[in-house]
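**Student:** So I've got this file, query_6.csv, and it contains CSV, C-alpha atoms and all ligand atoms:
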```csv
chain,number,residue,atom,x,y,z
A,1,MET,CA,-50.9,206.7,323.8
A,2,PRO,CA,-48.1,207.9,326.1
A,3,VAL,CA,-45.1,209.5,324.5
A,4,ASP,CA,-42.5,207.0,325.7
A,5,GLU,CA,-44.5,204.2,324.2
A,6,ILE,CA,-44.7,206.1,320.9
A,7,LEU,CA,-40.9,206.5,321.0
A,8,LYS,CA,-40.4,202.9,321.7
A,9,GLU,CA,-42.7,201.9,318.9
A,10,LEU,CA,-40.9,204.3,316.5
A,11,GLY,CA,-37.7,202.6,317.4
A,12,ALA,CA,-39.2,199.1,316.8
A,13,ILE,CA,-40.7,200.2,313.4
A,14,LYS,CA,-37.3,201.5,312.3
A,15,ASN,CA,-35.6,198.2,313.2
A,16,ARG,CA,-38.2,196.1,311.5
A,17,ALA,CA,-38.2,198.3,308.4
A,18,LEU,CA,-34.4,198.4,308.0
A,19,ARG,CA,-34.2,194.7,308.6
A,20,SER,CA,-36.8,193.8,306.0
A,21,ILE,CA,-35.4,196.3,303.5
A,22,ALA,CA,-32.0,194.7,303.9
A,23,MET,CA,-33.5,191.3,303.2
A,24,VAL,CA,-35.4,192.3,300.1
A,25,ARG,CA,-34.3,190.6,296.8
A,26,GLY,CA,-36.0,192.5,294.1
A,27,ILE,CA,-37.7,195.8,293.1
A,28,LYS,CA,-41.1,194.4,293.8
A,29,GLY,CA,-40.3,193.3,297.3
A,30,LEU,CA,-38.8,196.7,297.9
A,31,GLU,CA,-42.0,198.5,296.8
A,32,SER,CA,-44.1,196.3,299.1
A,33,ALA,CA,-41.8,197.1,302.0
A,34,ARG,CA,-42.2,200.8,301.3
A,35,VAL,CA,-46.0,200.5,301.2
A,36,ARG,CA,-45.9,198.5,304.5
A,37,TYR,CA,-44.1,201.2,306.3
A,38,LEU,CA,-44.6,204.5,304.4
A,39,GLY,CA,-47.8,203.9,302.5
A,40,LYS,CA,-51.1,205.6,303.4
A,41,LYS,CA,-51.9,202.8,305.8
A,42,GLY,CA,-48.3,202.0,306.5
A,43,GLN,CA,-47.1,201.4,310.0
A,44,LEU,CA,-45.1,204.6,310.3
A,45,THR,CA,-47.7,206.7,308.6
A,46,SER,CA,-50.3,205.5,311.0
A,47,LEU,CA,-48.1,206.2,314.0
A,48,MET,CA,-47.3,209.7,312.7
A,49,ARG,CA,-51.0,210.4,312.7
A,50,VAL,CA,-51.0,209.5,316.4
A,51,VAL,CA,-48.0,211.9,316.9
A,52,GLY,CA,-50.0,214.7,315.3
A,53,GLY,CA,-52.7,214.2,318.0
A,54,LEU,CA,-50.3,214.6,320.9
A,55,PRO,CA,-50.5,217.6,323.3
A,56,PRO,CA,-48.1,220.4,322.1
A,57,ASP,CA,-45.5,219.9,324.7
A,58,ALA,CA,-45.0,216.2,323.8
A,59,ARG,CA,-45.3,216.7,320.1
A,60,PRO,CA,-41.8,218.1,319.1
A,61,LEU,CA,-39.7,215.2,320.4
A,62,ALA,CA,-42.0,212.5,319.0
A,63,GLY,CA,-42.3,214.5,315.7
A,64,GLN,CA,-38.6,214.8,315.3
A,65,THR,CA,-38.0,211.1,316.1
A,66,ALA,CA,-40.7,210.1,313.7
A,67,ASN,CA,-39.2,212.3,310.9
A,68,SER,CA,-35.8,210.8,311.5
A,69,VAL,CA,-37.2,207.3,311.4
A,70,LYS,CA,-38.9,208.2,308.1
A,71,GLY,CA,-35.6,209.6,306.7
A,72,ALA,CA,-33.7,206.5,307.7
A,73,ILE,CA,-36.3,204.3,306.0
A,74,LEU,CA,-36.3,206.4,302.8
A,75,GLN,CA,-32.5,206.4,302.7
A,76,ALA,CA,-32.4,202.6,303.2
A,77,ILE,CA,-35.0,202.2,300.4
A,78,ALA,CA,-32.9,204.5,298.1
A,79,GLU,CA,-29.7,202.6,298.8
A,80,LYS,CA,-31.4,199.3,298.3
A,81,GLU,CA,-32.8,200.4,295.0
A,82,THR,CA,-29.4,201.5,293.7
A,83,GLU,CA,-28.0,198.2,294.8
A,84,LEU,CA,-30.7,196.2,293.1
A,85,LYS,CA,-30.4,198.1,289.8
A,86,ALA,CA,-26.7,197.6,289.8
A,87,ALA,CA,-27.1,193.9,290.4
A,88,GLU,CA,-29.7,193.6,287.6
A,89,GLN,CA,-27.4,195.4,285.2
A,90,GLU,CA,-24.6,193.2,286.1
A,91,SER,CA,-26.6,190.0,285.5
A,92,ARG,CA,-27.8,191.4,282.1
A,93,ILE,CA,-24.2,192.0,281.1
A,94,VAL,CA,-23.4,188.4,281.9
A,95,GLU,CA,-26.5,187.0,280.3
A,96,GLU,CA,-26.3,189.0,277.1
A,97,ARG,CA,-22.5,188.7,276.7
A,98,VAL,CA,-21.5,187.9,273.1
A,99,ASP,CA,-18.6,185.6,272.6
A,100,ILE,CA,-16.7,187.2,269.8
A,101,THR,CA,-14.3,184.4,269.7
A,102,MET,CA,-17.0,182.0,268.6
A,103,PRO,CA,-16.7,180.8,264.9
A,104,GLY,CA,-19.0,182.9,262.6
A,105,ALA,CA,-22.1,181.4,260.9
A,106,ASP,CA,-20.8,179.8,257.7
A,107,TYR,CA,-22.5,180.4,254.4
A,108,GLN,CA,-21.9,178.7,251.1
A,109,ILE,CA,-21.2,180.5,247.9
A,110,GLY,CA,-23.0,179.0,245.0
A,111,ARG,CA,-21.2,178.1,241.8
A,112,LYS,CA,-22.0,176.9,238.3
A,113,HIS,CA,-22.9,173.3,237.7
A,114,PRO,CA,-20.2,171.4,235.7
A,115,LEU,CA,-22.7,170.9,232.8
A,116,THR,CA,-23.3,174.6,232.7
A,117,LEU,CA,-19.6,175.3,232.6
A,118,VAL,CA,-19.1,172.8,229.7
A,119,THR,CA,-22.1,174.1,227.8
A,120,GLU,CA,-20.8,177.7,228.2
A,121,GLU,CA,-17.4,176.6,227.0
A,122,ILE,CA,-18.9,174.9,223.9
A,123,LEU,CA,-21.0,177.9,223.1
A,124,ARG,CA,-18.1,180.3,223.6
A,125,VAL,CA,-16.0,178.3,221.1
A,126,PHE,CA,-18.7,178.3,218.4
A,127,CYS,CA,-19.8,181.8,219.0
A,128,SER,CA,-16.2,183.0,218.5
A,129,MET,CA,-16.4,181.5,215.0
A,130,GLY,CA,-19.6,183.4,214.2
A,131,PHE,CA,-22.3,181.0,215.2
A,132,GLY,CA,-25.5,182.3,216.9
A,133,VAL,CA,-27.5,180.5,219.6
A,134,ALA,CA,-30.9,179.1,218.9
A,135,GLU,CA,-33.2,177.2,221.3
A,136,GLY,CA,-36.4,175.1,220.9
A,137,PRO,CA,-38.9,173.5,223.2
A,138,ASP,CA,-38.4,170.3,225.2
A,139,ILE,CA,-41.8,169.1,224.1
A,140,GLU,CA,-41.7,168.7,220.4
A,141,SER,CA,-43.9,167.5,217.6
A,142,ASP,CA,-43.2,164.1,216.2
A,143,TYR,CA,-42.8,165.8,212.8
A,144,ASN,CA,-40.0,168.1,213.9
A,145,ASN,CA,-38.3,165.5,216.0
A,146,PHE,CA,-38.4,162.7,213.4
A,147,GLU,CA,-40.2,163.2,210.1
A,148,ALA,CA,-38.7,166.5,209.0
A,149,LEU,CA,-35.3,165.1,209.8
A,150,ASN,CA,-35.8,162.3,207.3
A,151,ILE,CA,-36.7,159.7,210.0
A,152,PRO,CA,-40.1,158.5,208.8
A,153,LYS,CA,-42.5,156.5,211.0
A,154,HIS,CA,-41.3,152.8,211.2
A,155,HIS,CA,-37.8,153.8,210.1
A,156,PRO,CA,-35.3,151.6,212.0
A,157,ALA,CA,-33.5,154.7,213.2
A,158,ARG,CA,-36.4,155.4,215.5
A,159,ASP,CA,-35.2,152.4,217.5
A,160,LEU,CA,-32.1,154.4,218.4
A,161,HIS,CA,-34.3,156.7,220.4
A,162,ASP,CA,-36.5,155.1,223.0
A,163,THR,CA,-38.9,157.9,222.9
A,164,PHE,CA,-41.2,159.4,225.7
A,165,TYR,CA,-44.4,160.0,223.9
A,166,VAL,CA,-46.6,162.8,225.3
A,167,SER,CA,-49.4,161.9,222.8
A,168,LYS,CA,-49.5,160.2,219.4
A,169,ASP,CA,-47.8,163.1,217.6
A,170,VAL,CA,-46.0,164.9,220.5
A,171,VAL,CA,-42.8,163.7,222.1
A,172,LEU,CA,-40.2,164.8,224.6
A,173,ARG,CA,-37.5,165.6,222.0
A,174,THR,CA,-34.9,162.8,221.7
A,175,HIS,CA,-32.2,165.2,220.4
A,176,THR,CA,-31.7,168.9,219.7
A,177,SER,CA,-31.8,168.2,215.9
A,178,PRO,CA,-35.4,169.5,215.7
A,179,VAL,CA,-34.0,173.0,216.4
A,180,GLN,CA,-32.3,172.7,213.0
A,181,ILE,CA,-35.8,172.4,211.5
A,182,ARG,CA,-37.2,175.3,213.5
A,183,THR,CA,-34.3,177.5,212.6
A,184,MET,CA,-34.5,176.8,208.9
A,185,LEU,CA,-38.3,177.2,208.8
A,186,ALA,CA,-37.9,180.6,210.5
A,187,THR,CA,-34.9,182.0,208.5
A,188,PRO,CA,-33.8,181.9,204.9
A,189,PRO,CA,-30.2,180.9,204.4
A,190,PRO,CA,-27.4,181.5,205.3
A,191,VAL,CA,-27.7,180.2,208.9
A,192,ALA,CA,-25.0,179.3,211.5
A,193,VAL,CA,-26.4,178.3,214.9
A,194,VAL,CA,-25.6,176.2,217.9
A,195,CYS,CA,-28.6,174.9,219.9
A,196,PRO,CA,-28.1,173.9,223.5
A,197,GLY,CA,-30.8,172.0,225.4
A,198,ARG,CA,-32.3,169.1,227.3
A,199,VAL,CA,-33.2,165.9,225.5
A,200,TYR,CA,-34.9,162.8,226.7
A,201,ARG,CA,-34.6,159.1,226.1
A,202,CYS,CA,-36.0,156.1,227.9
A,203,ASP,CA,-32.6,154.9,229.1
A,204,ALA,CA,-30.9,154.8,232.5
A,205,ASP,CA,-27.5,153.3,233.6
A,206,ALA,CA,-24.0,154.6,234.6
A,207,THR,CA,-23.6,156.2,231.2
A,208,HIS,CA,-27.2,157.0,230.2
A,209,SER,CA,-29.6,159.3,231.9
A,210,PRO,CA,-33.3,159.7,230.8
A,211,MET,CA,-32.7,163.4,230.6
A,212,PHE,CA,-29.4,164.7,229.3
A,213,HIS,CA,-28.0,167.7,227.3
A,214,GLN,CA,-26.9,168.2,223.8
A,215,VAL,CA,-25.6,171.0,221.7
A,216,GLU,CA,-26.6,170.9,218.0
A,217,GLY,CA,-24.8,172.8,215.3
A,218,LEU,CA,-26.0,173.8,211.9
A,219,MET,CA,-24.3,175.9,209.1
A,220,VAL,CA,-26.0,176.4,205.8
A,221,ASP,CA,-24.9,178.7,202.9
A,222,LYS,CA,-23.9,178.5,199.3
A,223,ALA,CA,-21.1,175.9,198.8
A,224,ILE,CA,-20.5,174.8,202.4
A,225,SER,CA,-18.4,171.7,202.1
A,226,PHE,CA,-17.2,168.8,204.3
A,227,SER,CA,-13.8,170.7,204.8
A,228,ASP,CA,-15.7,173.5,206.4
A,229,LEU,CA,-17.1,171.0,208.8
A,230,LYS,CA,-13.7,169.6,209.5
A,231,GLY,CA,-12.1,173.0,210.0
A,232,ILE,CA,-14.8,174.1,212.4
A,233,LEU,CA,-14.6,170.9,214.4
A,234,GLU,CA,-10.8,171.0,214.5
A,235,VAL,CA,-11.0,174.4,216.2
A,236,PHE,CA,-13.6,173.0,218.6
A,237,VAL,CA,-11.6,169.9,219.6
A,238,HIS,CA,-8.4,171.9,220.1
A,239,GLU,CA,-10.1,174.6,222.2
A,240,MET,CA,-12.0,172.1,224.3
A,241,PHE,CA,-9.4,169.4,224.9
A,242,GLY,CA,-6.1,171.2,224.2
A,243,PRO,CA,-4.2,172.2,221.0
A,244,ASP,CA,-2.4,168.9,220.5
A,245,THR,CA,-5.4,166.6,220.9
A,246,PRO,CA,-5.5,164.1,217.9
A,247,PHE,CA,-8.9,163.5,216.4
A,248,ARG,CA,-10.3,161.4,213.6
A,249,PHE,CA,-13.5,161.1,211.5
A,250,ARG,CA,-15.2,157.7,211.2
A,251,PRO,CA,-17.9,157.0,208.6
A,252,HIS,CA,-21.3,156.6,210.3
A,253,TYR,CA,-25.0,156.8,209.5
A,254,PHE,CA,-27.6,159.4,210.4
A,255,PRO,CA,-30.8,159.7,208.4
A,256,PHE,CA,-30.6,163.6,208.3
A,257,THR,CA,-27.0,163.8,207.0
A,258,GLU,CA,-25.3,162.3,204.0
A,259,PRO,CA,-22.4,161.6,204.2
A,260,SER,CA,-22.4,161.1,208.0
A,261,CYS,CA,-19.5,160.6,210.4
A,262,GLU,CA,-18.6,160.4,214.0
A,263,LEU,CA,-15.7,162.3,215.5
A,264,ASP,CA,-13.3,160.6,218.0
A,265,ILE,CA,-10.6,162.2,220.0
A,266,LEU,CA,-7.5,160.4,221.3
A,267,PHE,CA,-7.8,160.7,225.0
A,268,HIS,CA,-5.2,160.2,227.7
A,269,GLY,CA,-6.5,159.6,231.1
A,270,GLU,CA,-7.2,157.4,234.1
A,271,GLY,CA,-8.0,153.7,233.3
A,272,GLU,CA,-6.5,153.9,229.9
A,273,PRO,CA,-4.6,150.6,229.2
A,274,ASN,CA,-1.0,151.2,227.9
A,275,GLY,CA,-0.2,154.9,227.7
A,276,GLU,CA,-1.2,155.1,224.0
A,277,GLY,CA,-4.5,156.8,224.7
A,278,VAL,CA,-8.0,155.6,223.8
A,279,TRP,CA,-10.2,156.8,220.9
A,280,LEU,CA,-13.4,158.3,222.4
A,281,GLU,CA,-16.5,159.2,220.4
A,282,VAL,CA,-17.3,162.8,220.9
A,283,LEU,CA,-20.0,163.8,218.4
A,284,GLY,CA,-22.0,162.9,215.3
A,285,ALA,CA,-21.9,165.1,212.2
A,286,GLY,CA,-22.4,165.2,208.5
A,287,MET,CA,-23.6,167.1,205.4
A,288,VAL,CA,-27.3,168.1,205.7
A,289,HIS,CA,-29.4,165.6,203.7
A,290,PRO,CA,-31.2,167.1,200.6
A,291,ALA,CA,-34.5,165.7,201.9
A,292,VAL,CA,-34.1,167.8,205.1
A,293,PHE,CA,-33.6,170.9,203.0
A,294,GLU,CA,-36.7,170.1,201.0
A,295,ASN,CA,-38.8,169.7,204.2
A,296,VAL,CA,-37.9,173.3,205.3
A,297,GLY,CA,-38.2,174.9,201.8
A,298,TYR,CA,-34.5,175.3,201.1
A,299,ASP,CA,-33.3,174.4,197.6
A,300,PRO,CA,-30.7,171.7,197.8
A,301,GLN,CA,-29.4,172.7,194.4
A,302,LYS,CA,-28.6,176.2,195.7
A,303,VAL,CA,-27.4,175.6,199.3
A,304,SER,CA,-25.4,173.1,201.2
A,305,GLY,CA,-24.5,172.7,204.8
A,306,PHE,CA,-23.3,170.7,207.7
A,307,ALA,CA,-24.7,169.7,211.0
A,308,PHE,CA,-23.4,168.1,214.2
A,309,GLY,CA,-24.7,167.1,217.5
A,310,LEU,CA,-22.8,166.4,220.7
A,311,GLY,CA,-23.7,165.2,224.2
A,312,VAL,CA,-22.7,167.6,226.9
A,313,GLU,CA,-22.6,165.0,229.7
A,314,ARG,CA,-20.3,162.8,227.6
A,315,LEU,CA,-18.0,165.8,226.9
A,316,ALA,CA,-18.0,166.7,230.6
A,317,MET,CA,-17.2,163.1,231.6
A,318,ILE,CA,-14.2,163.0,229.3
A,319,LYS,CA,-13.0,166.4,230.2
A,320,TYR,CA,-13.2,165.9,234.0
A,321,GLY,CA,-12.6,162.1,234.1
A,322,ILE,CA,-16.1,161.3,235.5
A,323,SER,CA,-17.2,157.7,235.1
A,324,ASP,CA,-20.9,157.8,236.3
A,325,ILE,CA,-23.4,160.2,234.6
A,326,ARG,CA,-25.7,160.1,237.6
A,327,LEU,CA,-23.2,162.2,239.6
A,328,PHE,CA,-24.3,165.2,237.5
A,329,PHE,CA,-27.9,164.9,238.8
A,330,GLU,CA,-27.5,163.8,242.4
A,331,ASN,CA,-26.6,167.3,243.6
A,332,ASP,CA,-24.1,166.0,246.1
A,333,LEU,CA,-22.2,169.1,247.2
A,334,ARG,CA,-19.0,167.1,247.7
A,335,PHE,CA,-19.1,166.5,243.9
A,336,LEU,CA,-20.3,169.9,242.8
A,337,GLN,CA,-17.8,171.8,244.9
A,338,GLN,CA,-15.0,170.4,242.8
A,339,PHE,CA,-15.8,172.6,239.8
B,1,LIG,N1,-29.1,163.9,216.7
B,1,LIG,C1,-28.1,162.9,216.8
B,1,LIG,C2,-28.3,162.1,218.1
B,1,LIG,O1,-29.0,162.6,219.0
B,1,LIG,C3,-26.7,163.6,216.9
B,1,LIG,C4,-26.4,164.2,215.6
B,1,LIG,C5,-25.7,163.5,214.6
B,1,LIG,C6,-26.8,165.5,215.3
B,1,LIG,C7,-25.4,164.0,213.4
B,1,LIG,C8,-26.5,166.0,214.0
B,1,LIG,C9,-25.8,165.3,213.1
B,1,LIG,O2,-26.9,167.2,213.7
B,1,LIG,O3,-25.4,165.8,211.9
B,1,LIG,O4,-27.7,161.1,218.3
```
What do you get writing this file as structure tokens?
Ligand code: DAH
**Tutor:**
Amino acid sequence: MPVDEILKELGAIKNRALRSIAMVRGIKGLESARVRYLGKKGQLTSLMRVVGGLPPDARPLAGQTANSVKGAILQAIAEKETELKAAEQESRIVEERVDITMPGADYQIGRKHPLTLVTEEILRVFCSMGFGVAEGPDIESDYNNFEALNIPKHHPARDLHDTFYVSKDVVLRTHTSPVQIRTMLATPPPVAVVCPGRVYRCDADATHSPMFHQVEGLMVDKAISFSDLKGILEVFVHEMFGPDTPFRFRPHYFPFTEPSCELDILFHGEGEPNGEGVWLEVLGAGMVHPAVFENVGYDPQKVSGFAFGLGVERLAMIKYGISDIRLFFENDLRFLQQF
């Protein structure tokens, strides 16, 4: 190949190479351009082999030209590479940009259920007067739930409790009163306990839920009288509903207490007719029946005591002015977040 043709071809390779490098749009394209011109079988490499075979007098000019073409291509590749990397970084910065003005991910802080709050408040008041806390199982024997509490089979008082029977002699407890029995069977007198827990009755409407909560109270010692019951419940009412809340005892009947009563408080609140307040029933109570003492091996000649039982939902409804018991169990956050 004559030298002038080689020089012409070197010029053409340089032009083609620089043009295609300029047009490249990514690192891959740049690499294939490099291979096309400078690779082992690349256009410039092949021509340089030809230059190597030229006679000595023709070689220097062609060699120098070929080297400067190579240098120009290498420089173009290096510049392009810098440009591509800068562009890539720029687009990553845009892509991965974090908008720090965006609102943060919200998270909700949990809180205690209103029934938990009221239960804790009830326990706090009684524990401050020296009561301990006792618990029993939700699934209870018919004996503890009824019989030992002086409610024999076929006794009309069983109609008060529409009972869920697990089997003939096992029930979902209809009240927390069986915890009285368990406590007295396990401990000799004196006892003073409050017993919170779930209870079950086959009943459902705006004011009745098939599962609800009670707190039972029991105090037994030598010479406990009805005035002890009154004094303790007076403290409870005034702690729970305010120091000036009027209350009254009304005679009532429970098989496991004699005498028995219900306690009402005078309540001022929404929906109350003429500003005089309404009497609301808050709990049942009484002096422990001698038959109950006999059933647990306590001597009714030597000890006496009182018991009471209250509904937590009922208390919470009065305290917070809630008219539908089902709100407690629907877990609607708009309701729960108010407490
Ligand atoms: N166990 C009764 C009920 O569920 C409430 C009750 C009344 C409990 C009088 C007592 C009590 O301990 O003395 O309706």
**Student:** What does the structure give for the distance between atom CA of A:Ser225 and atom CA of A:Ala307, in Å to one decimal?
**Tutor:**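 We find that atom CA of A:Ser225 and atom CA of A:Ala307 lie 11.1 Å from each other.
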**Student:** For A:Ala285, please output as a PyMOL selection string all residues within 7 Å (counting all atoms listed in the file; exclusion window: fewer than 2 positions along the same chain).
**Tutor:** chain A and resi 260-262+283+307-309
**Student:** Between atom CA of A:Gly286 and atom CA of A:Pro246, what is the spacing in Å?
**Tutor:**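 It comes out at 19.4 Å.
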**Student:** Could you check the closest approach to ligand LIG 1 (chain B) for each of A:Gln43, A:Thr119, A:Thr176, A:Gln64 and tell me which residue wins, using only C-alpha atoms and all ligand atoms?
**Tutor:**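 Nearest to ligand LIG 1 (chain B): A:Thr176.
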**Student:** When you count all atoms listed in the file, which of these residues is closest to A:Ile224: A:Phe306, A:Phe164, A:Phe236, A:Phe254?
**Tutor:**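 Looking at the shortest contact to A:Ile224, the residue is A:Phe306.
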**Student:** How far is it from atom CA of A:Lys8 to atom CA of A:Leu44, in Å with one decimal?
**Tutor:**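 Separating atom CA of A:Lys8 from atom CA of A:Leu44 is a distance of 12.4 Å.
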**Student:** When you count all atoms listed in the file, which of these residues is closest to ligand LIG 1 (chain B): A:Val282, A:Ala17, A:Ile322, A:Val35?
**Tutor:**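 Of the candidates, the smallest distance to ligand LIG 1 (chain B) is held by A:Val282.
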**Student:** Which residue is closest to A:Arg182? Choose from A:Ile109, A:Val166, A:Leu149, A:Leu229 and count all atoms listed in the file.
**Tutor:**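 Closest residue, counting all atoms listed in the file: A:Leu149.
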**Student:** Residues near A:Tyr143, anyone? I mean within 10 Å using only C-alpha atoms, not counting same-chain ones fewer than 6 positions away, as a PyMOL selection string.
**Tutor:** chain A and resi 149-153+169-171+178+181
**Student:** A:Thr163: which residues within 8 Å, counting all atoms listed in the file, same-chain residues fewer than 5 positions away excluded, as a PyMOL selection string?
**Tutor:** chain A and resi 171-174+200-202
**Student:** Kindly indicate which residue among A:Gly269, A:Pro251, A:Pro259, A:Gly305 lies nearest to A:Met184, using only C-alpha atoms for the distances.
**Tutor:**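 Smallest separation from A:Met184 among the options: A:Gly305.
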**Student:** Considering all atoms listed in the file, state which residue in the set A:Arg49, A:Arg59, A:Arg198, A:Lys70 is at the smallest distance from A:Arg34.
**Tutor:**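 Smallest separation from A:Arg34 among the options: A:Lys70.
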